[in-house]
Amino acid sequence: MCGVFGLRAPSRDVARLTYFGLFALQHRGQESAGIAVSENARLTAVRDLGLVAQVFDERSLSALRGEYAIGHTRYSTTGGNAWANAQPLLHHGRVRTVALGHNGNLVNATTLRAEVGKPLGTTSDSEVIAAMIADDERPLEEAIAAAMTRLEGAATVVGLADGKLFAFRDPHGFRRSCSGASARTRSSRPRPVRSTSSARPSSATCAPASSW
């Protein structure tokens, strides 16, 4: 059980808002905490072992500036309680860099790790998801949709890549969102969401959302 948080707030202090969000989610994980931000598509992350209030202070929060942010508090399941497994993790792939926070267990993580075909820096199943998206040459929305179809088990994911915020949960229910507008999507049950972009909707299109 971990806590995940994501938001889009171009005119606000996204790191501080995420800090308060993680503070409220502290009960879901006390082993590590982290925040990643996207500013003009550049990703920056701060993460460490400990509680939210122990990991972050005024200096570290002031260094995290951007339009989008994701946060994570970890309770380890797959992968031990080590700094390398703290999230959000940054994965530099062949196509893009992905910041990702994940709650859940992938029952096919070993198979997917072998298919990634390269050494990973953590023992967490979360990096497998990030690697799949980061190495996929298709547009981000299609890369996310393709990764979702391969996941088996529980998964709630928030991430940053290509100057966008994305989130999904329950790969079998295909709950998707991609940021870019101020619409909010929230539901107790996974359901498809409509695209609000000008592009022609498809099964891989993500709906803009300010938070999820």
# chains A, B, ... in the order shown; residues from 1 in each chain; ligands from 1
>>> residues_around(residues="region 104-111 of chain A", least_positions_apart="2", cutoff="9 Å", atoms="only C-alpha atoms", output="list of chain:residue names")
A:Met1, A:Cys2, A:Thr77, A:Thr78, A:His102, A:Arg113, A:Ala114, A:Glu115, A:Val116, A:Ser124, A:Asp125, A:Ser126, A:Val128, A:Ile129, A:Arg150, A:Leu151, A:Glu152, A:Gly153, A:Ala154, A:Ala155, A:Thr156, A:Val157
>>> write_last_selection(atoms="N, CA and C atoms", output="PDB file, in the first residue's frame")
ATOM      1  N   MET A   1       0.845  -1.182   0.000  1.00  0.00           N
ATOM      2  CA  MET A   1       0.000   0.000   0.000  1.00  0.00           C
ATOM      3  C   MET A   1       0.885   1.239   0.000  1.00  0.00           C
ATOM      4  N   CYS A   2       0.742   2.078  -1.004  1.00  0.00           N
ATOM      5  CA  CYS A   2       1.495   3.320  -1.115  1.00  0.00           C
ATOM      6  C   CYS A   2       0.528   4.471  -1.372  1.00  0.00           C
ATOM      7  N   THR A  77       6.470  -3.425  -1.153  1.00  0.00           N
ATOM      8  CA  THR A  77       5.918  -4.752  -1.439  1.00  0.00           C
ATOM      9  C   THR A  77       6.956  -5.496  -2.256  1.00  0.00           C
ATOM     10  N   THR A  78       6.983  -5.263  -3.578  1.00  0.00           N
ATOM     11  CA  THR A  78       8.043  -5.823  -4.410  1.00  0.00           C
ATOM     12  C   THR A  78       9.249  -4.893  -4.331  1.00  0.00           C
ATOM     13  N   HIS A 102       4.070   4.469  -8.241  1.00  0.00           N
ATOM     14  CA  HIS A 102       3.205   3.307  -8.456  1.00  0.00           C
ATOM     15  C   HIS A 102       2.761   2.733  -7.124  1.00  0.00           C
ATOM     16  N   ARG A 113      10.065  -7.812 -16.795  1.00  0.00           N
ATOM     17  CA  ARG A 113      11.451  -7.374 -16.596  1.00  0.00           C
ATOM     18  C   ARG A 113      12.366  -8.059 -17.611  1.00  0.00           C
ATOM     19  N   ALA A 114      12.129  -9.329 -17.875  1.00  0.00           N
ATOM     20  CA  ALA A 114      12.948 -10.048 -18.859  1.00  0.00           C
ATOM     21  C   ALA A 114      12.716  -9.499 -20.259  1.00  0.00           C
ATOM     22  N   GLU A 115      11.484  -9.095 -20.549  1.00  0.00           N
ATOM     23  CA  GLU A 115      11.168  -8.576 -21.875  1.00  0.00           C
ATOM     24  C   GLU A 115      11.735  -7.176 -22.099  1.00  0.00           C
ATOM     25  N   VAL A 116      11.947  -6.428 -21.022  1.00  0.00           N
ATOM     26  CA  VAL A 116      12.537  -5.092 -21.162  1.00  0.00           C
ATOM     27  C   VAL A 116      13.909  -5.185 -21.813  1.00  0.00           C
ATOM     28  N   SER A 124      12.323  -2.883  -7.746  1.00  0.00           N
ATOM     29  CA  SER A 124      10.888  -2.628  -7.683  1.00  0.00           C
ATOM     30  C   SER A 124      10.222  -2.958  -9.009  1.00  0.00           C
ATOM     31  N   ASP A 125       8.991  -3.476  -8.948  1.00  0.00           N
ATOM     32  CA  ASP A 125       8.254  -3.717 -10.189  1.00  0.00           C
ATOM     33  C   ASP A 125       7.817  -2.417 -10.847  1.00  0.00           C
ATOM     34  N   SER A 126       7.872  -1.315 -10.118  1.00  0.00           N
ATOM     35  CA  SER A 126       7.459  -0.016 -10.666  1.00  0.00           C
ATOM     36  C   SER A 126       8.346   0.417 -11.831  1.00  0.00           C
ATOM     37  N   VAL A 128       9.721  -1.372 -14.010  1.00  0.00           N
ATOM     38  CA  VAL A 128       9.359  -2.113 -15.210  1.00  0.00           C
ATOM     39  C   VAL A 128       8.326  -1.329 -16.012  1.00  0.00           C
ATOM     40  N   ILE A 129       7.333  -0.758 -15.326  1.00  0.00           N
ATOM     41  CA  ILE A 129       6.318   0.053 -16.006  1.00  0.00           C
ATOM     42  C   ILE A 129       6.963   1.265 -16.652  1.00  0.00           C
ATOM     43  N   ARG A 150      -0.320  -4.838 -20.853  1.00  0.00           N
ATOM     44  CA  ARG A 150       0.615  -5.898 -20.469  1.00  0.00           C
ATOM     45  C   ARG A 150       0.640  -6.148 -18.970  1.00  0.00           C
ATOM     46  N   LEU A 151       0.074  -5.243 -18.184  1.00  0.00           N
ATOM     47  CA  LEU A 151       0.167  -5.358 -16.739  1.00  0.00           C
ATOM     48  C   LEU A 151      -0.872  -6.328 -16.198  1.00  0.00           C
ATOM     49  N   GLU A 152      -0.432  -7.191 -15.295  1.00  0.00           N
ATOM     50  CA  GLU A 152      -1.333  -8.121 -14.619  1.00  0.00           C
ATOM     51  C   GLU A 152      -1.195  -7.908 -13.113  1.00  0.00           C
ATOM     52  N   GLY A 153      -2.319  -7.608 -12.480  1.00  0.00           N
ATOM     53  CA  GLY A 153      -2.301  -7.330 -11.050  1.00  0.00           C
ATOM     54  C   GLY A 153      -2.777  -5.918 -10.770  1.00  0.00           C
ATOM     55  N   ALA A 154      -2.696  -5.516  -9.526  1.00  0.00           N
ATOM     56  CA  ALA A 154      -3.168  -4.191  -9.127  1.00  0.00           C
ATOM     57  C   ALA A 154      -2.159  -3.127  -9.499  1.00  0.00           C
ATOM     58  N   ALA A 155      -2.651  -2.006  -9.985  1.00  0.00           N
ATOM     59  CA  ALA A 155      -1.748  -0.921 -10.340  1.00  0.00           C
ATOM     60  C   ALA A 155      -2.473   0.413 -10.329  1.00  0.00           C
ATOM     61  N   THR A 156      -1.936   1.361  -9.576  1.00  0.00           N
ATOM     62  CA  THR A 156      -2.316   2.764  -9.679  1.00  0.00           C
ATOM     63  C   THR A 156      -1.030   3.520  -9.953  1.00  0.00           C
ATOM     64  N   VAL A 157      -0.994   4.285 -11.024  1.00  0.00           N
ATOM     65  CA  VAL A 157       0.237   4.902 -11.491  1.00  0.00           C
ATOM     66  C   VAL A 157       0.012   6.385 -11.748  1.00  0.00           C
TER      67      VAL A 157
END
>>> residues_around(residues="Ala131 (chain A)", least_positions_apart="3", cutoff="12 Å", atoms="only C-alpha atoms", output="PyMOL selection string")
chain A and resi 89-100+109+112-122+124-128+134-137+143-144+147+161
>>> select_by_dssp(residues="region 9-194 of chain A", states="alpha helix (DSSP H)", output="ChimeraX atom specification")
/A:14-24,52-55,58-62,109-116,126-134,140-150
>>> closest_atom_pairs(of="region 53-95 of chain A", to="region 14-28 of chain A", cutoff="9 Å", atoms="only C-alpha atoms", output="Markdown table")
| residue | atom | partner | partner_atom | distance |
| --- | --- | --- | --- | --- |
| A:Ala53 | CA | A:Phe23 | CA | 7.6 |
| A:Phe56 | CA | A:Tyr19 | CA | 8.0 |
| A:Leu61 | CA | A:Ala15 | CA | 5.9 |
| A:Ser62 | CA | A:Ala15 | CA | 7.7 |
| A:Ala63 | CA | A:Ala15 | CA | 8.7 |
| A:Leu64 | CA | A:Ala15 | CA | 5.8 |
| A:Arg65 | CA | A:Ala15 | CA | 6.7 |
| A:Gly66 | CA | A:Val14 | CA | 6.7 |
| A:Glu67 | CA | A:Val14 | CA | 6.9 |
| A:Tyr68 | CA | A:Val14 | CA | 6.6 |
| A:Ala69 | CA | A:Val14 | CA | 5.9 |
| A:Ile70 | CA | A:Thr18 | CA | 6.9 |
| A:Gly71 | CA | A:Thr18 | CA | 6.2 |
| A:His72 | CA | A:Leu22 | CA | 6.8 |
| A:Thr73 | CA | A:Gln26 | CA | 6.4 |
| A:Arg74 | CA | A:Arg28 | CA | 7.3 |
| A:Tyr75 | CA | A:Arg28 | CA | 6.9 |
>>> closest_residue(among="A:Leu140, A:Ala84, A:Ala36, A:Ala45", to="Phe5 (chain A)", atoms="only C-alpha atoms")
A:Ala36
>>> decode(residues="region 137-155 of chain A", atoms="N, CA and C atoms", output="CSV table (one decimal), in the first residue's frame")
chain,number,residue,atom,x,y,z
A,137,GLU,N,8.6,3.7,-28.8
A,137,GLU,CA,8.8,4.8,-29.8
A,137,GLU,C,7.5,5.5,-30.2
A,138,ARG,N,6.4,4.9,-29.8
A,138,ARG,CA,5.1,5.5,-30.2
A,138,ARG,C,4.8,6.8,-29.3
A,139,PRO,N,3.9,7.6,-29.7
A,139,PRO,CA,3.5,8.8,-28.9
A,139,PRO,C,3.1,8.4,-27.5
A,140,LEU,N,3.3,9.3,-26.5
A,140,LEU,CA,3.1,8.9,-25.1
A,140,LEU,C,1.8,8.2,-24.8
A,141,GLU,N,0.7,8.8,-25.4
A,141,GLU,CA,-0.6,8.2,-25.1
A,141,GLU,C,-0.6,6.7,-25.5
A,142,GLU,N,-0.1,6.4,-26.7
A,142,GLU,CA,-0.1,5.1,-27.2
A,142,GLU,C,0.9,4.2,-26.4
A,143,ALA,N,2.0,4.7,-26.0
A,143,ALA,CA,2.9,4.0,-25.2
A,143,ALA,C,2.3,3.6,-23.8
A,144,ILE,N,1.6,4.5,-23.2
A,144,ILE,CA,0.9,4.2,-22.0
A,144,ILE,C,-0.1,3.1,-22.1
A,145,ALA,N,-1.0,3.3,-23.2
A,145,ALA,CA,-2.0,2.3,-23.4
A,145,ALA,C,-1.4,0.9,-23.7
A,146,ALA,N,-0.3,0.9,-24.4
A,146,ALA,CA,0.3,-0.4,-24.7
A,146,ALA,C,0.8,-1.1,-23.4
A,147,ALA,N,1.4,-0.2,-22.5
A,147,ALA,CA,2.0,-0.8,-21.3
A,147,ALA,C,0.8,-1.3,-20.4
A,148,MET,N,-0.3,-0.6,-20.4
A,148,MET,CA,-1.4,-1.0,-19.6
A,148,MET,C,-1.9,-2.4,-19.9
A,149,THR,N,-1.9,-2.7,-21.2
A,149,THR,CA,-2.5,-4.0,-21.7
A,149,THR,C,-1.6,-5.1,-21.2
A,150,ARG,N,-0.3,-4.8,-20.9
A,150,ARG,CA,0.6,-5.9,-20.5
A,150,ARG,C,0.6,-6.1,-19.0
A,151,LEU,N,0.1,-5.2,-18.2
A,151,LEU,CA,0.2,-5.4,-16.7
A,151,LEU,C,-0.9,-6.3,-16.2
A,152,GLU,N,-0.4,-7.2,-15.3
A,152,GLU,CA,-1.3,-8.1,-14.6
A,152,GLU,C,-1.2,-7.9,-13.1
A,153,GLY,N,-2.3,-7.6,-12.5
A,153,GLY,CA,-2.3,-7.3,-11.1
A,153,GLY,C,-2.8,-5.9,-10.8
A,154,ALA,N,-2.7,-5.5,-9.5
A,154,ALA,CA,-3.2,-4.2,-9.1
A,154,ALA,C,-2.2,-3.1,-9.5
A,155,ALA,N,-2.7,-2.0,-10.0
A,155,ALA,CA,-1.7,-0.9,-10.3
A,155,ALA,C,-2.5,0.4,-10.3
